[in-house]
Amino acid sequence: MGRYNMVWTSRICFRKYGNFVDNLRLYVRGGSGGMGLPRLGGQGGKGGSIWVTAKDGLTLKKIKDKYPHRRFVAGTGANSSVRTLKGENGEDVEILAPVGIVVTTDEGAVIGELNAEGEKVLVAKGGIGGAHYSGFLPSKGKARQIRLDLKLIADVGLVGFPNAGKSSLLSTLSHAKPQIANYPFTTLRPEIGKIMYDDYRQVSVADLPGLIEGAHMNKGMGHKFLKHVERTKQLMFVVDICGFQLSSKTPFRSAFETVQLLTKELELYKEELLSKPALLVVNKMDLPEAEMLLQELLDQLQNQDDYKSLLPEDLVPKSGLGFRHVVPISAATGLGVEELKACIRGSLDEQAAAQTEEERTRRVQELRGARPPDRPPPPPEAARVNLLFSDANARHPAHNCGSNAKLAHM
Ligand SMILES: Nc1nc2c(ncn2[C@@H]2O[C@H](COP(=O)(O)OP(=O)(O)OP(=O)(O)O)[C@@H](O)[C@H]2O)c(=O)[nH]1
Ligand SMILES: [Mg+2]
């Protein structure tokens, strides 16, 4: 990629990312209570409180534009008077926010989460009104800075290097129309698309900007978008079968190396992410040599220990790579896409069934009066080293997710 393009890309990056707001800091203060009236035993009104309420269709950008000062102060409780012994309560303030918000204090402590329209969380309680028990003196409302942090809620999150074809895949799987182009970092903000199944089930898939090695050191887009996969149920790694090279000055990485590097970046961001079930989508199978490269990739995945020294030691993930399915596709020609859809659905259904079973066992034990079992420990490292696929073959990708899939221990 020429010099001119790079500058141009970064300009777009600046302009577009500058528009996208995925966290917002607000000052909130509950109203003070009203004064009590000692002479007549009167009680001041309570100060109003501040709530954040989820509403569909809102964005943090809209809140930012509507309230440029970003200060919210609730109403003060009325003083008790001879005419009105019980002072009126101050008015509450409701801040409407998008669904998918985590509300935290400035220090990062979670105050609450808003996962569905109408859910609300109290962020600043109003003060109490002066009354007999408080010597008729009111108290002030709570005042603090809070943060609204948007984390997308999707069933599946796409993780991959730039140019791997994540957006192309999303547009093939769903009605979403993400930007697609042959240069890295085309996608600058997350986008969600929905896969529709014949039985009307919908599965949401989040397309994220590409990750590159060194993202933890803020290279490329850095890790800032990875928070969006924290809440997805599963991960879908997308790799270009022909590998990746950012520029002539950076090393070429094969498909296997990109899988290792992506895993390493997830590990460095938050190791727990690696305990999510993951699928590996091998894209661009329409390109010449793809078939041969796929066989090589599968061999490397099966014999990971033999290929540990391909990358510098500090770039190799601590635990092995494990995928429920490896699915070769071509987002361009549609090869393998239907099979991938079935795989995604099957994997999510399996996960839901396992969770229901776990919940049922917990309830039964609770009803029997037994101490509920501690949460099961995370799967041992070896479990992540399992690769579930049958003899993967690009021409018959359905084999990868069929009932004849076998578990290969590596
Ligand atoms: N030959 C071939 N090209 C593909 C395929 N899928 C995507 N491409 C091309 O690869 C390039 C990158 O595709 P994108 O979908 O924008 O890739 P991305 O992973 O979203 O990239 P970023 O947004 O930069 O992270 C585009 O030129 C696509 O046309 C495929 O299956 N085969
Ligand atoms: Mg993209």
# chains A, B, ... in the order shown; residues from 1 in each chain; ligands from 1
call {"tool": "closest_atom_pairs", "arguments": {"of": "chain A", "to": "ligand 2", "cutoff": "8 Å", "atoms": "only C-alpha atoms and all ligand atoms", "output": "CSV"}}
result
residue,atom,partner,partner_atom_place_in_ligand_line,distance
A:Pro162,CA,ligand 2,1 (Mg),6.9
A:Asn163,CA,ligand 2,1 (Mg),6.7
A:Gly165,CA,ligand 2,1 (Mg),6.6
A:Lys166,CA,ligand 2,1 (Mg),5.4
A:Ser167,CA,ligand 2,1 (Mg),4.2
A:Ser168,CA,ligand 2,1 (Mg),7.2
A:Pro178,CA,ligand 2,1 (Mg),7.1
A:Gln179,CA,ligand 2,1 (Mg),6.5
A:Ile180,CA,ligand 2,1 (Mg),5.9
A:Ala181,CA,ligand 2,1 (Mg),7.7
A:Phe185,CA,ligand 2,1 (Mg),6.7
A:Thr186,CA,ligand 2,1 (Mg),5.2
A:Thr187,CA,ligand 2,1 (Mg),4.0
A:Leu188,CA,ligand 2,1 (Mg),7.6
A:Asp207,CA,ligand 2,1 (Mg),6.9
A:Leu208,CA,ligand 2,1 (Mg),6.8
A:Pro209,CA,ligand 2,1 (Mg),5.8
A:Gly210,CA,ligand 2,1 (Mg),6.7
call {"tool": "residues_around", "arguments": {"residues": "Val21 (chain A)", "least_positions_apart": "6", "cutoff": "10 Å", "atoms": "only C-alpha atoms", "output": "PyMOL selection string"}}
result
chain A and resi 59-64+149-150+189
call {"tool": "atom_distance", "arguments": {"atom1": "CA of Gly75 (chain A)", "atom2": "CA of Gly141 (chain A)"}}
result
9.7 Å
call {"tool": "residues_around", "arguments": {"residues": "Val52 (chain A)", "least_positions_apart": "3", "cutoff": "12 Å", "atoms": "only C-alpha atoms", "output": "ChimeraX atom specification"}}
result
/A:26,28,49,55,63,72,92-99,101-104,111-114,117-125,146-148
call {"tool": "write_last_selection", "arguments": {"atoms": "N, CA and C atoms", "output": "tab-separated table (two decimals), in the first residue's frame"}}
result
chain	number	residue	atom	x	y	z
A	26	LEU	N	-20.38	11.29	32.71
A	26	LEU	CA	-21.41	12.26	33.10
A	26	LEU	C	-21.25	12.63	34.57
A	28	VAL	N	-23.40	13.44	37.83
A	28	VAL	CA	-24.79	13.31	38.31
A	28	VAL	C	-24.85	13.70	39.79
A	49	SER	N	-33.90	11.69	42.73
A	49	SER	CA	-32.77	10.82	42.40
A	49	SER	C	-32.53	10.83	40.90
A	55	LYS	N	-33.26	2.66	26.51
A	55	LYS	CA	-34.30	2.89	25.49
A	55	LYS	C	-33.73	2.48	24.13
A	63	ILE	N	-26.93	11.42	23.23
A	63	ILE	CA	-26.92	11.98	24.58
A	63	ILE	C	-25.88	13.10	24.63
A	72	PHE	N	-26.14	16.41	35.27
A	72	PHE	CA	-27.54	16.12	35.59
A	72	PHE	C	-27.74	16.31	37.08
A	92	ASP	N	-37.33	13.51	40.22
A	92	ASP	CA	-36.28	12.60	39.74
A	92	ASP	C	-35.86	13.03	38.33
A	93	VAL	N	-34.67	12.63	37.94
A	93	VAL	CA	-34.22	12.86	36.57
A	93	VAL	C	-33.94	11.50	35.95
A	94	GLU	N	-34.41	11.32	34.71
A	94	GLU	CA	-34.19	10.05	34.01
A	94	GLU	C	-33.31	10.31	32.80
A	95	ILE	N	-32.17	9.68	32.77
A	95	ILE	CA	-31.29	9.83	31.61
A	95	ILE	C	-31.55	8.62	30.70
A	96	LEU	N	-32.00	8.88	29.50
A	96	LEU	CA	-32.27	7.75	28.58
A	96	LEU	C	-30.99	7.37	27.86
A	97	ALA	N	-30.70	6.08	27.85
A	97	ALA	CA	-29.43	5.62	27.27
A	97	ALA	C	-29.68	4.40	26.40
A	98	PRO	N	-28.77	4.08	25.49
A	98	PRO	CA	-28.99	2.89	24.63
A	98	PRO	C	-28.94	1.57	25.41
A	99	VAL	N	-29.55	0.57	24.85
A	99	VAL	CA	-29.47	-0.77	25.45
A	99	VAL	C	-28.05	-1.30	25.23
A	101	ILE	N	-25.64	-0.98	27.80
A	101	ILE	CA	-24.74	-0.08	28.54
A	101	ILE	C	-24.32	-0.72	29.87
A	102	VAL	N	-23.06	-0.55	30.22
A	102	VAL	CA	-22.62	-0.87	31.57
A	102	VAL	C	-22.37	0.47	32.24
A	103	VAL	N	-22.97	0.67	33.41
A	103	VAL	CA	-22.78	1.94	34.11
A	103	VAL	C	-21.76	1.70	35.21
A	104	THR	N	-20.70	2.49	35.20
A	104	THR	CA	-19.67	2.30	36.23
A	104	THR	C	-19.36	3.64	36.89
A	111	ILE	N	-21.92	-0.14	38.55
A	111	ILE	CA	-23.13	0.25	39.30
A	111	ILE	C	-24.31	-0.59	38.78
A	112	GLY	N	-24.33	-0.84	37.50
A	112	GLY	CA	-25.41	-1.67	36.95
A	112	GLY	C	-25.25	-1.84	35.46
A	113	GLU	N	-26.08	-2.74	34.90
A	113	GLU	CA	-26.05	-2.99	33.46
A	113	GLU	C	-27.44	-2.82	32.89
A	114	LEU	N	-27.53	-2.32	31.70
A	114	LEU	CA	-28.84	-2.19	31.05
A	114	LEU	C	-28.84	-3.07	29.82
A	117	GLU	N	-34.61	-2.95	26.91
A	117	GLU	CA	-35.38	-1.70	26.96
A	117	GLU	C	-36.15	-1.62	28.28
A	118	GLY	N	-36.13	-0.47	28.91
A	118	GLY	CA	-36.91	-0.26	30.12
A	118	GLY	C	-36.14	-0.55	31.41
A	119	GLU	N	-35.04	-1.30	31.32
A	119	GLU	CA	-34.28	-1.55	32.55
A	119	GLU	C	-33.67	-0.24	33.02
A	120	LYS	N	-33.61	-0.08	34.38
A	120	LYS	CA	-33.01	1.16	34.83
A	120	LYS	C	-32.12	0.96	36.04
A	121	VAL	N	-31.23	1.89	36.24
A	121	VAL	CA	-30.30	1.78	37.35
A	121	VAL	C	-30.20	3.14	38.04
A	122	LEU	N	-30.19	3.08	39.39
A	122	LEU	CA	-30.11	4.31	40.18
A	122	LEU	C	-28.64	4.73	40.25
A	123	VAL	N	-28.36	5.96	39.82
A	123	VAL	CA	-26.94	6.35	39.82
A	123	VAL	C	-26.63	7.42	40.86
A	124	ALA	N	-27.64	8.17	41.30
A	124	ALA	CA	-27.39	9.17	42.35
A	124	ALA	C	-28.67	9.33	43.16
A	125	LYS	N	-28.61	8.89	44.41
A	125	LYS	CA	-29.81	8.93	45.25
A	125	LYS	C	-29.97	10.34	45.81
A	146	ILE	N	-20.05	9.46	36.61
A	146	ILE	CA	-20.30	8.06	36.20
A	146	ILE	C	-19.87	7.89	34.75
A	147	ARG	N	-19.72	6.64	34.37
A	147	ARG	CA	-19.38	6.35	32.97
A	147	ARG	C	-20.42	5.42	32.37
A	148	LEU	N	-20.81	5.75	31.17
A	148	LEU	CA	-21.69	4.84	30.42
A	148	LEU	C	-20.81	4.18	29.36
call {"tool": "atom_distance", "arguments": {"atom1": "CA of Arg71 (chain A)", "atom2": "CA of Ala143 (chain A)"}}
result
10.5 Å
call {"tool": "select_by_dssp", "arguments": {"residues": "region 127-356 of chain A", "states": "helix (DSSP H, G or I)", "output": "PDB file with C-alpha atoms, in the first residue's frame"}}
result
ATOM      1  CA  HIS A 132     -37.381  14.449  63.766  1.00  0.00           C
ATOM      2  CA  TYR A 133     -34.743  11.666  63.622  1.00  0.00           C
ATOM      3  CA  SER A 134     -32.239  13.852  61.792  1.00  0.00           C
ATOM      4  CA  LYS A 166     -15.057 -10.269   8.197  1.00  0.00           C
ATOM      5  CA  SER A 167     -17.309  -7.592   6.737  1.00  0.00           C
ATOM      6  CA  SER A 168     -17.703  -9.536   3.495  1.00  0.00           C
ATOM      7  CA  LEU A 169     -18.798 -12.517   5.568  1.00  0.00           C
ATOM      8  CA  LEU A 170     -21.239 -10.437   7.602  1.00  0.00           C
ATOM      9  CA  SER A 171     -22.816  -9.100   4.427  1.00  0.00           C
ATOM     10  CA  THR A 172     -23.130 -12.645   3.037  1.00  0.00           C
ATOM     11  CA  LEU A 173     -24.655 -13.975   6.250  1.00  0.00           C
ATOM     12  CA  ALA A 215      -2.808  -4.451  19.409  1.00  0.00           C
ATOM     13  CA  HIS A 216      -2.105  -4.688  23.149  1.00  0.00           C
ATOM     14  CA  MET A 217       0.547  -2.021  22.600  1.00  0.00           C
ATOM     15  CA  LEU A 226     -12.329  -6.063  22.060  1.00  0.00           C
ATOM     16  CA  LYS A 227     -14.644  -5.060  24.880  1.00  0.00           C
ATOM     17  CA  HIS A 228     -17.440  -5.685  22.398  1.00  0.00           C
ATOM     18  CA  VAL A 229     -16.724  -9.397  22.337  1.00  0.00           C
ATOM     19  CA  ALA A 255      -3.070 -18.326   8.222  1.00  0.00           C
ATOM     20  CA  PHE A 256      -1.837 -20.496  11.115  1.00  0.00           C
ATOM     21  CA  GLU A 257       0.312 -17.670  12.451  1.00  0.00           C
ATOM     22  CA  THR A 258      -2.597 -15.233  12.247  1.00  0.00           C
ATOM     23  CA  VAL A 259      -4.701 -17.631  14.334  1.00  0.00           C
ATOM     24  CA  GLN A 260      -1.899 -17.807  16.904  1.00  0.00           C
ATOM     25  CA  LEU A 261      -1.443 -14.041  16.919  1.00  0.00           C
ATOM     26  CA  LEU A 262      -5.166 -13.373  17.299  1.00  0.00           C
ATOM     27  CA  THR A 263      -5.325 -15.824  20.181  1.00  0.00           C
ATOM     28  CA  LYS A 264      -2.343 -14.107  21.785  1.00  0.00           C
ATOM     29  CA  GLU A 265      -4.009 -10.691  21.509  1.00  0.00           C
ATOM     30  CA  LEU A 266      -7.198 -12.023  23.115  1.00  0.00           C
ATOM     31  CA  GLU A 267      -5.111 -13.599  25.861  1.00  0.00           C
ATOM     32  CA  LEU A 268      -3.323 -10.321  26.516  1.00  0.00           C
ATOM     33  CA  TYR A 269      -6.591  -8.406  26.557  1.00  0.00           C
ATOM     34  CA  GLU A 271      -7.709 -14.411  29.140  1.00  0.00           C
ATOM     35  CA  GLU A 272     -11.302 -15.342  30.016  1.00  0.00           C
ATOM     36  CA  LEU A 273     -12.279 -14.532  26.447  1.00  0.00           C
ATOM     37  CA  LEU A 274     -10.496 -17.687  25.401  1.00  0.00           C
ATOM     38  CA  SER A 275     -12.894 -19.820  27.399  1.00  0.00           C
ATOM     39  CA  ALA A 290      -6.172 -22.331  -1.173  1.00  0.00           C
ATOM     40  CA  GLU A 291      -6.780 -26.057  -1.052  1.00  0.00           C
ATOM     41  CA  MET A 292      -3.132 -26.836  -0.428  1.00  0.00           C
ATOM     42  CA  LEU A 293      -2.802 -24.072   2.155  1.00  0.00           C
ATOM     43  CA  LEU A 294      -5.874 -25.390   3.970  1.00  0.00           C
ATOM     44  CA  GLN A 295      -4.319 -28.846   4.295  1.00  0.00           C
ATOM     45  CA  GLU A 296      -1.200 -27.202   5.689  1.00  0.00           C
ATOM     46  CA  LEU A 297      -3.244 -25.148   8.164  1.00  0.00           C
ATOM     47  CA  LEU A 298      -5.152 -28.218   9.356  1.00  0.00           C
ATOM     48  CA  ASP A 299      -1.915 -30.094   9.820  1.00  0.00           C
ATOM     49  CA  GLN A 300      -0.488 -27.208  11.833  1.00  0.00           C
ATOM     50  CA  LEU A 301      -3.616 -27.002  13.982  1.00  0.00           C
ATOM     51  CA  GLN A 302      -3.414 -30.711  14.677  1.00  0.00           C
ATOM     52  CA  GLN A 304       0.605 -27.377  17.184  1.00  0.00           C
ATOM     53  CA  ASP A 305       3.573 -28.329  19.284  1.00  0.00           C
ATOM     54  CA  ASP A 306       5.644 -29.015  16.197  1.00  0.00           C
ATOM     55  CA  TYR A 307       4.980 -25.527  14.884  1.00  0.00           C
ATOM     56  CA  LYS A 308       5.544 -23.523  18.032  1.00  0.00           C
ATOM     57  CA  SER A 309       8.775 -22.019  16.844  1.00  0.00           C
ATOM     58  CA  LEU A 310       7.323 -20.335  13.761  1.00  0.00           C
ATOM     59  CA  GLU A 313       8.214 -17.084  21.771  1.00  0.00           C
ATOM     60  CA  ASP A 314       6.485 -14.033  23.234  1.00  0.00           C
ATOM     61  CA  LEU A 315       3.918 -14.050  20.412  1.00  0.00           C
ATOM     62  CA  VAL A 337     -21.541 -20.199   3.798  1.00  0.00           C
ATOM     63  CA  GLU A 338     -24.720 -22.266   4.270  1.00  0.00           C
ATOM     64  CA  GLU A 339     -22.717 -24.880   6.169  1.00  0.00           C
ATOM     65  CA  LEU A 340     -21.226 -22.136   8.305  1.00  0.00           C
ATOM     66  CA  LYS A 341     -24.699 -20.836   9.116  1.00  0.00           C
ATOM     67  CA  ALA A 342     -25.701 -24.314  10.252  1.00  0.00           C
ATOM     68  CA  CYS A 343     -22.515 -24.606  12.312  1.00  0.00           C
ATOM     69  CA  ILE A 344     -23.131 -21.304  14.073  1.00  0.00           C
ATOM     70  CA  ARG A 345     -26.681 -22.279  14.901  1.00  0.00           C
ATOM     71  CA  GLY A 346     -25.677 -25.771  16.050  1.00  0.00           C
ATOM     72  CA  SER A 347     -22.913 -24.441  18.247  1.00  0.00           C
ATOM     73  CA  LEU A 348     -25.146 -21.818  19.892  1.00  0.00           C
ATOM     74  CA  ASP A 349     -27.930 -24.353  20.464  1.00  0.00           C
ATOM     75  CA  GLU A 350     -25.453 -26.775  22.008  1.00  0.00           C
ATOM     76  CA  GLN A 351     -24.142 -24.075  24.316  1.00  0.00           C
ATOM     77  CA  ALA A 352     -27.670 -23.045  25.332  1.00  0.00           C
ATOM     78  CA  ALA A 353     -28.611 -26.673  26.055  1.00  0.00           C
ATOM     79  CA  ALA A 354     -25.490 -27.155  28.183  1.00  0.00           C
ATOM     80  CA  GLN A 355     -26.283 -24.007  30.146  1.00  0.00           C
ATOM     81  CA  THR A 356     -29.895 -25.023  30.686  1.00  0.00           C
TER      82      THR A 356
END
call {"tool": "closest_residue", "arguments": {"among": "A:Ile241, A:Val326, A:Tyr183, A:Asp199", "to": "ligand 1", "atoms": "only C-alpha atoms and all ligand atoms"}}
result
A:Tyr183
call {"tool": "atom_distance", "arguments": {"atom1": "CA of Gly157 (chain A)", "atom2": "CA of Arg253 (chain A)"}}
result
22.4 Å
call {"tool": "residues_around", "arguments": {"residues": "Ser174 (chain A)", "least_positions_apart": "5", "cutoff": "7 Å", "atoms": "only C-alpha atoms", "output": "PyMOL selection string"}}
result
chain A and resi 193-195
call {"tool": "select_by_dssp", "arguments": {"residues": "region 128-269 of chain A", "states": "strand (DSSP E)", "output": "PyMOL selection string"}}
result
chain A and resi 143-150+156-160+191-196+202-207+234-240
call {"tool": "residues_around", "arguments": {"residues": "Leu280 (chain A)", "least_positions_apart": "3", "cutoff": "9 Å", "atoms": "only C-alpha atoms", "output": "list in words"}}
result
Leu235, Met236, Phe237, Val238, Val239, Val259, Gly322, Phe323, Arg324, His325, Val326, Val327 and Pro328 of chain A
